[in-house]
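Peer 1: For reference, the file target_20.txt (compact mmCIF, C-alpha atoms) is included below:
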```txt
# COMPACT_ATOMS: atom_id res chain seq x y z
CA MET A 1 -5.13 7.37 5.06
CA ALA A 2 -1.46 7.92 5.40
CA LEU A 3 -1.02 5.74 8.44
CA THR A 4 -0.20 2.10 8.68
CA ILE A 5 1.16 -0.27 11.31
CA LYS A 6 4.61 -1.84 11.13
CA ASP A 7 6.23 -3.79 13.95
CA ASN A 8 3.27 -2.89 16.18
CA LYS A 9 3.87 0.83 15.71
CA VAL A 10 1.90 3.42 13.78
CA VAL A 11 3.99 4.78 10.94
CA TYR A 12 3.29 7.60 8.53
CA VAL A 13 3.37 6.79 4.81
CA ALA A 14 4.05 9.56 2.30
CA PRO A 15 2.87 9.52 -1.32
CA PRO A 16 5.49 8.43 -3.86
CA LYS A 17 8.01 11.20 -4.61
CA ARG A 18 9.38 9.59 -7.74
CA LEU A 19 6.95 8.87 -10.51
CA THR A 20 7.64 7.32 -13.89
CA VAL A 21 7.02 9.38 -17.00
CA LYS A 22 3.95 7.24 -17.64
CA GLU A 23 2.61 7.88 -14.14
CA LYS A 24 3.18 11.62 -14.46
CA LYS A 25 1.33 11.61 -17.76
CA MET A 26 -1.54 9.68 -16.23
CA LEU A 27 -1.84 12.24 -13.47
CA GLU A 28 -1.65 15.14 -15.91
CA ASP A 29 -4.19 13.60 -18.26
CA ALA A 30 -6.61 12.47 -15.55
CA PRO A 31 -10.11 13.84 -16.01
CA VAL A 32 -11.55 16.32 -13.56
CA ASN A 33 -14.75 14.98 -12.02
CA HIS A 34 -16.72 18.21 -12.39
CA LYS A 35 -19.95 16.70 -11.08
CA LEU A 36 -18.30 15.55 -7.86
CA ILE A 37 -16.44 18.83 -7.38
CA LYS A 38 -19.54 20.90 -8.05
CA ARG A 39 -21.55 18.87 -5.54
CA ALA A 40 -18.78 19.17 -2.95
CA THR A 41 -18.15 22.87 -3.40
CA SER A 42 -21.78 23.96 -3.57
CA ARG A 43 -22.55 22.60 -0.11
CA LYS A 44 -22.18 24.80 2.95
CA TYR A 45 -20.26 23.21 5.81
CA ASN A 46 -20.68 24.45 9.34
CA ILE A 47 -17.08 24.69 10.57
CA VAL A 48 -16.76 25.68 14.22
CA MET B 49 -27.08 20.75 14.55
CA LEU B 50 -24.53 19.41 12.10
CA GLU B 51 -21.04 20.82 12.59
CA LEU B 52 -17.41 20.20 11.73
CA LYS B 53 -15.31 21.00 14.75
CA LYS B 54 -11.85 22.05 13.66
CA TYR B 55 -8.82 21.01 15.72
CA THR B 56 -5.40 22.51 15.07
CA SER B 57 -2.23 22.73 17.17
CA LYS B 58 -3.60 26.04 18.48
CA ASN B 59 -6.76 24.71 20.09
CA VAL B 60 -6.15 21.00 20.58
CA SER B 61 -6.11 19.47 24.04
CA TYR B 62 -3.89 16.55 24.96
CA ARG B 63 -7.18 14.82 25.76
CA LEU B 64 -8.51 14.93 22.19
CA GLY B 65 -7.75 11.27 21.52
CA ILE B 66 -9.38 10.23 24.79
CA ASP B 67 -12.40 12.44 24.07
CA ILE B 68 -12.89 11.04 20.58
CA LEU B 69 -12.45 7.46 21.75
CA SER B 70 -15.02 7.99 24.48
CA HIS B 71 -17.64 9.21 21.97
CA VAL B 72 -17.30 6.68 19.14
CA GLU B 73 -17.73 2.99 18.57
CA LEU B 74 -14.76 1.21 17.06
CA SER B 75 -14.74 -1.90 14.91
CA THR B 76 -16.15 -5.01 16.55
CA ARG B 77 -13.18 -7.05 15.33
CA VAL B 78 -10.55 -7.05 18.07
CA GLU B 79 -7.52 -6.59 15.81
CA GLN B 80 -9.19 -3.81 13.81
CA GLU B 81 -10.41 -2.14 17.00
CA GLN B 82 -6.86 -1.87 18.30
CA ARG B 83 -5.68 -0.61 14.91
CA GLU B 84 -8.29 2.15 14.94
CA ARG B 85 -7.47 3.07 18.54
CA ASP B 86 -3.76 3.33 17.67
CA PHE B 87 -4.48 5.45 14.58
CA ILE B 88 -6.76 7.83 16.50
CA GLU B 89 -4.20 8.31 19.26
CA ASP B 90 -1.45 8.86 16.69
CA ILE B 91 -3.40 11.31 14.56
CA CYS B 92 -4.28 13.41 17.64
CA LYS B 93 -0.57 13.66 18.46
CA ARG B 94 -0.01 14.84 14.90
CA VAL B 95 -2.61 17.56 15.44
CA GLN B 96 -0.65 18.74 18.50
CA LYS B 97 2.51 18.89 16.36
CA ALA B 98 0.74 20.91 13.64
CA SER B 99 1.36 18.08 11.18
CA THR B 100 -2.32 17.64 10.46
CA VAL B 101 -5.63 19.41 11.02
CA LEU B 102 -8.59 17.36 12.22
CA TYR B 103 -12.26 18.06 11.44
CA LEU B 104 -14.65 16.21 13.72
CA LEU B 105 -18.12 15.73 12.24
CA LYS B 106 -20.83 15.95 14.87
CA HIS B 107 -24.59 15.97 14.80
CA ASN B 108 -26.02 17.10 18.12
CA ASN B 109 -24.47 14.66 20.59
CA ASP B 110 -23.40 12.11 18.00
CA THR B 111 -19.84 11.99 16.71
CA LEU B 112 -20.17 10.67 13.15
CA GLY B 113 -16.49 10.60 12.23
CA PHE B 114 -13.57 12.79 11.31
CA VAL B 115 -11.04 13.56 8.62
CA ALA B 116 -7.45 14.70 9.18
CA LEU B 117 -5.70 16.64 6.41
CA SER B 118 -2.19 17.81 5.61
CA VAL B 119 -0.25 19.32 2.74
CA SER B 120 1.78 16.87 0.69
CA SER B 121 2.83 16.07 -2.85
CA ILE B 122 2.58 13.14 -5.19
CA GLY B 123 5.65 13.27 -7.37
CA ASP B 124 6.20 16.99 -7.94
CA PHE B 125 2.50 17.77 -7.80
CA PRO B 126 1.27 19.64 -4.71
CA SER B 127 -1.57 17.81 -3.06
CA LEU B 128 -3.91 17.84 -0.12
CA GLN B 129 -3.55 14.55 1.70
CA ILE B 130 -6.15 12.72 3.73
CA ASP B 131 -4.03 11.52 6.64
CA TYR B 132 -6.85 9.63 8.27
CA LEU B 133 -10.57 9.27 7.73
CA PHE B 134 -12.57 7.60 10.46
CA VAL B 135 -16.26 6.78 10.64
CA ASN B 136 -17.92 5.88 13.91
CA HIS B 137 -18.80 2.18 13.67
CA ALA B 138 -22.41 3.00 14.54
CA PHE B 139 -22.74 4.98 11.30
CA ARG B 140 -20.63 2.95 8.88
CA GLY B 141 -22.32 2.16 5.59
CA LYS B 142 -25.35 4.28 6.47
CA THR B 143 -26.61 7.10 4.31
CA LEU B 144 -27.87 9.91 6.50
CA GLU B 145 -30.48 12.51 5.59
CA ILE B 146 -28.61 15.13 7.60
CA LEU B 147 -25.62 14.56 5.28
CA ASP B 148 -27.62 15.17 2.08
CA ASN B 149 -28.26 11.42 1.93
CA LEU B 150 -24.58 10.64 1.76
CA LYS B 151 -22.53 8.24 3.83
CA THR B 152 -20.31 9.87 6.44
CA SER B 153 -17.14 8.93 4.54
CA THR B 154 -18.42 10.49 1.31
CA TYR B 155 -19.50 13.64 3.14
CA LEU B 156 -16.06 14.01 4.73
CA ILE B 157 -14.31 13.46 1.40
CA GLU B 158 -16.52 16.03 -0.30
CA PHE B 159 -15.68 18.41 2.53
CA ALA B 160 -11.97 17.75 1.84
CA ILE B 161 -12.59 18.51 -1.85
CA LYS B 162 -14.22 21.81 -0.93
CA LEU B 163 -11.26 22.75 1.30
CA ALA B 164 -8.84 21.71 -1.45
CA LYS B 165 -10.59 23.92 -3.98
CA GLU B 166 -10.45 26.85 -1.55
CA ILE B 167 -6.72 26.30 -0.97
CA GLN B 168 -6.24 26.00 -4.73
CA GLU B 169 -7.40 29.60 -5.08
CA GLN B 170 -4.61 30.75 -2.74
CA ALA B 171 -1.72 28.38 -3.57
CA GLY B 172 -0.83 25.72 -6.08
CA LEU B 173 -2.69 22.47 -5.55
CA ARG B 174 -3.36 19.74 -8.06
CA TYR B 175 -4.74 16.64 -6.33
CA LEU B 176 -6.50 15.26 -3.29
CA VAL B 177 -4.71 12.04 -2.33
CA LEU B 178 -5.17 9.18 0.09
CA LEU B 179 -3.86 5.72 0.80
CA PRO B 180 -6.67 3.25 1.54
CA ASP B 181 -6.12 1.04 4.56
CA ASN B 182 -7.14 -2.10 2.67
CA ASP B 183 -8.33 -3.44 -0.69
CA LYS B 184 -12.00 -3.20 0.25
CA LEU B 185 -11.60 0.51 0.91
CA GLN B 186 -9.84 0.92 -2.46
CA ASP B 187 -13.14 0.03 -4.13
CA VAL B 188 -15.15 2.25 -1.79
CA TYR B 189 -13.00 5.28 -2.61
CA LYS B 190 -12.99 4.51 -6.34
CA ASN B 191 -16.78 4.49 -6.24
CA ILE B 192 -16.69 7.96 -4.71
CA GLY B 193 -14.51 9.21 -7.56
CA PHE B 194 -10.88 8.51 -6.73
CA LEU B 195 -8.57 7.24 -9.47
CA ASN B 196 -5.48 5.10 -9.06
CA LEU B 197 -2.08 4.78 -10.64
CA PRO B 198 -1.15 1.27 -11.81
CA LYS B 199 1.07 -0.54 -9.28
CA GLN B 200 0.51 2.22 -6.74
CA ASP B 201 -1.81 1.95 -3.75
CA TRP B 202 -2.31 5.71 -3.57
CA LEU B 203 -5.54 7.13 -4.97
CA TYR B 204 -6.16 10.65 -6.22
CA ILE B 205 -8.81 13.09 -7.35
CA LYS B 206 -7.71 15.75 -9.81
CA LEU B 207 -8.86 19.16 -8.64
```
Using structure tokens, write down the structure that the file contains.

Peer 2:
Amino acid sequence: MALTIKDNKVVYVAPPKRLTVKEKKMLEDAPVNHKLIKRATSRKYNIV
Amino acid sequence: MLELKKYTSKNVSYRLGIDILSHVELSTRVEQEQRERDFIEDICKRVQKASTVLYLLKHNNDTLGFVALSVSSIGDFPSLQIDYLFVNHAFRGKTLEILDNLKTSTYLIEFAIKLAKEIQEQAGLRYLVLLPDNDKLQDVYKNIGFLNLPKQDWLYIKL
């Protein structure tokens, strides 16, 4: 989701552009969920 | 047959929002129903403007839901962003055999992960990100595998 409603109008919300050093480190050090990624990437999706 | 129908600015009709709304059930709560209607109409306009690409998940005549994706960044890190994920009210919370016994939302997120990994082979991409619409959904997405930054509502999956 990147949409929300303000003053009865749909507005687009962007991810934060400025991160603290701690936040950047958390993102960098975050683990990769290999099990989830393997399950997602091994499936064939019928895109038309 | 299960299929993901792809809508971009090149093939979208101005009627997409109307078509989707005529094939899905929205929330039974009046306020939430209007919210979903507004989001669907808005996201279809964004498809027309090439700001997002929408993948509509269908099984035979049933519209299960859709996910809309765009390129973004969190901080300096390039990301694939889930602009909107919608599940037909008739299928919410249900695991479906046709979706490998996953819920529609999980299936659509795993599809987004697959697309993200494909893009990552062609261009820099570090995370899949989304902003849950409410606290309840925060927990749903965390159970799927999303992580969160303290004091931030945005969730991410490292690719």

Peer 1: Please determine the contact residues of chain A with respect to chain B at a cut-off of 8 Å, counting only C-alpha atoms, and supply them as number ranges by chain.

Peer 2: A: 1-5, 10, 14-19, 23-24, 26-27, 30-33, 36-37, 39-41, 45-48

Peer 1: Please determine, counting only C-alpha atoms, which residue among B:Asn191, B:Thr111, B:Gln96, B:Gln82 has the shortest atom-to-atom distance to B:Ser70.

Peer 2: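 The answer is B:Thr111, which sits nearest to B:Ser70.
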
Peer 1: Can you measure atom CA of B:Tyr189 to atom CA of B:Phe139 for me? One decimal in Å is fine.

Peer 2: 17.0 Å

Peer 1: Rank nothing, just name the residue among B:Arg63, B:Lys142, B:Glu169, B:Arg85 nearest to A:Lys9, using all atoms listed in the file.

Peer 2: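 Looking only at the distances to A:Lys9, the closest residue turns out to be B:Arg85.
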
Peer 1: Using 8 Å of padding on each side, determine the axis-aligned box around all atoms of stretch 175-181 of chain B present in the file and give its centre and edge lengths in Å to one decimal, as JSON.

Peer 2:
```
{"center_x": -5.3, "center_y": 8.8, "center_z": -0.9, "size_x": 18.8, "size_y": 31.6, "size_z": 26.9}
```

Peer 1: Find, counting only C-alpha atoms, the residue in B:Val60, B:Leu74, B:Ile167, B:Ile88 that gets nearest to B:His137.

Peer 2: B:Leu74

Peer 1: So how many Å separate atom CA of A:Val13 and atom CA of B:Thr100, to one decimal?

Peer 2: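 Straight-line distance from atom CA of A:Val13 to atom CA of B:Thr100 works out to 13.5 Å.
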
Peer 1: Just the number, please: distance in Å from atom CA of B:Pro126 to atom CA of B:Ser99, one decimal.

Peer 2: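 Separation of atom CA of B:Pro126 and atom CA of B:Ser99: 16.0 Å.
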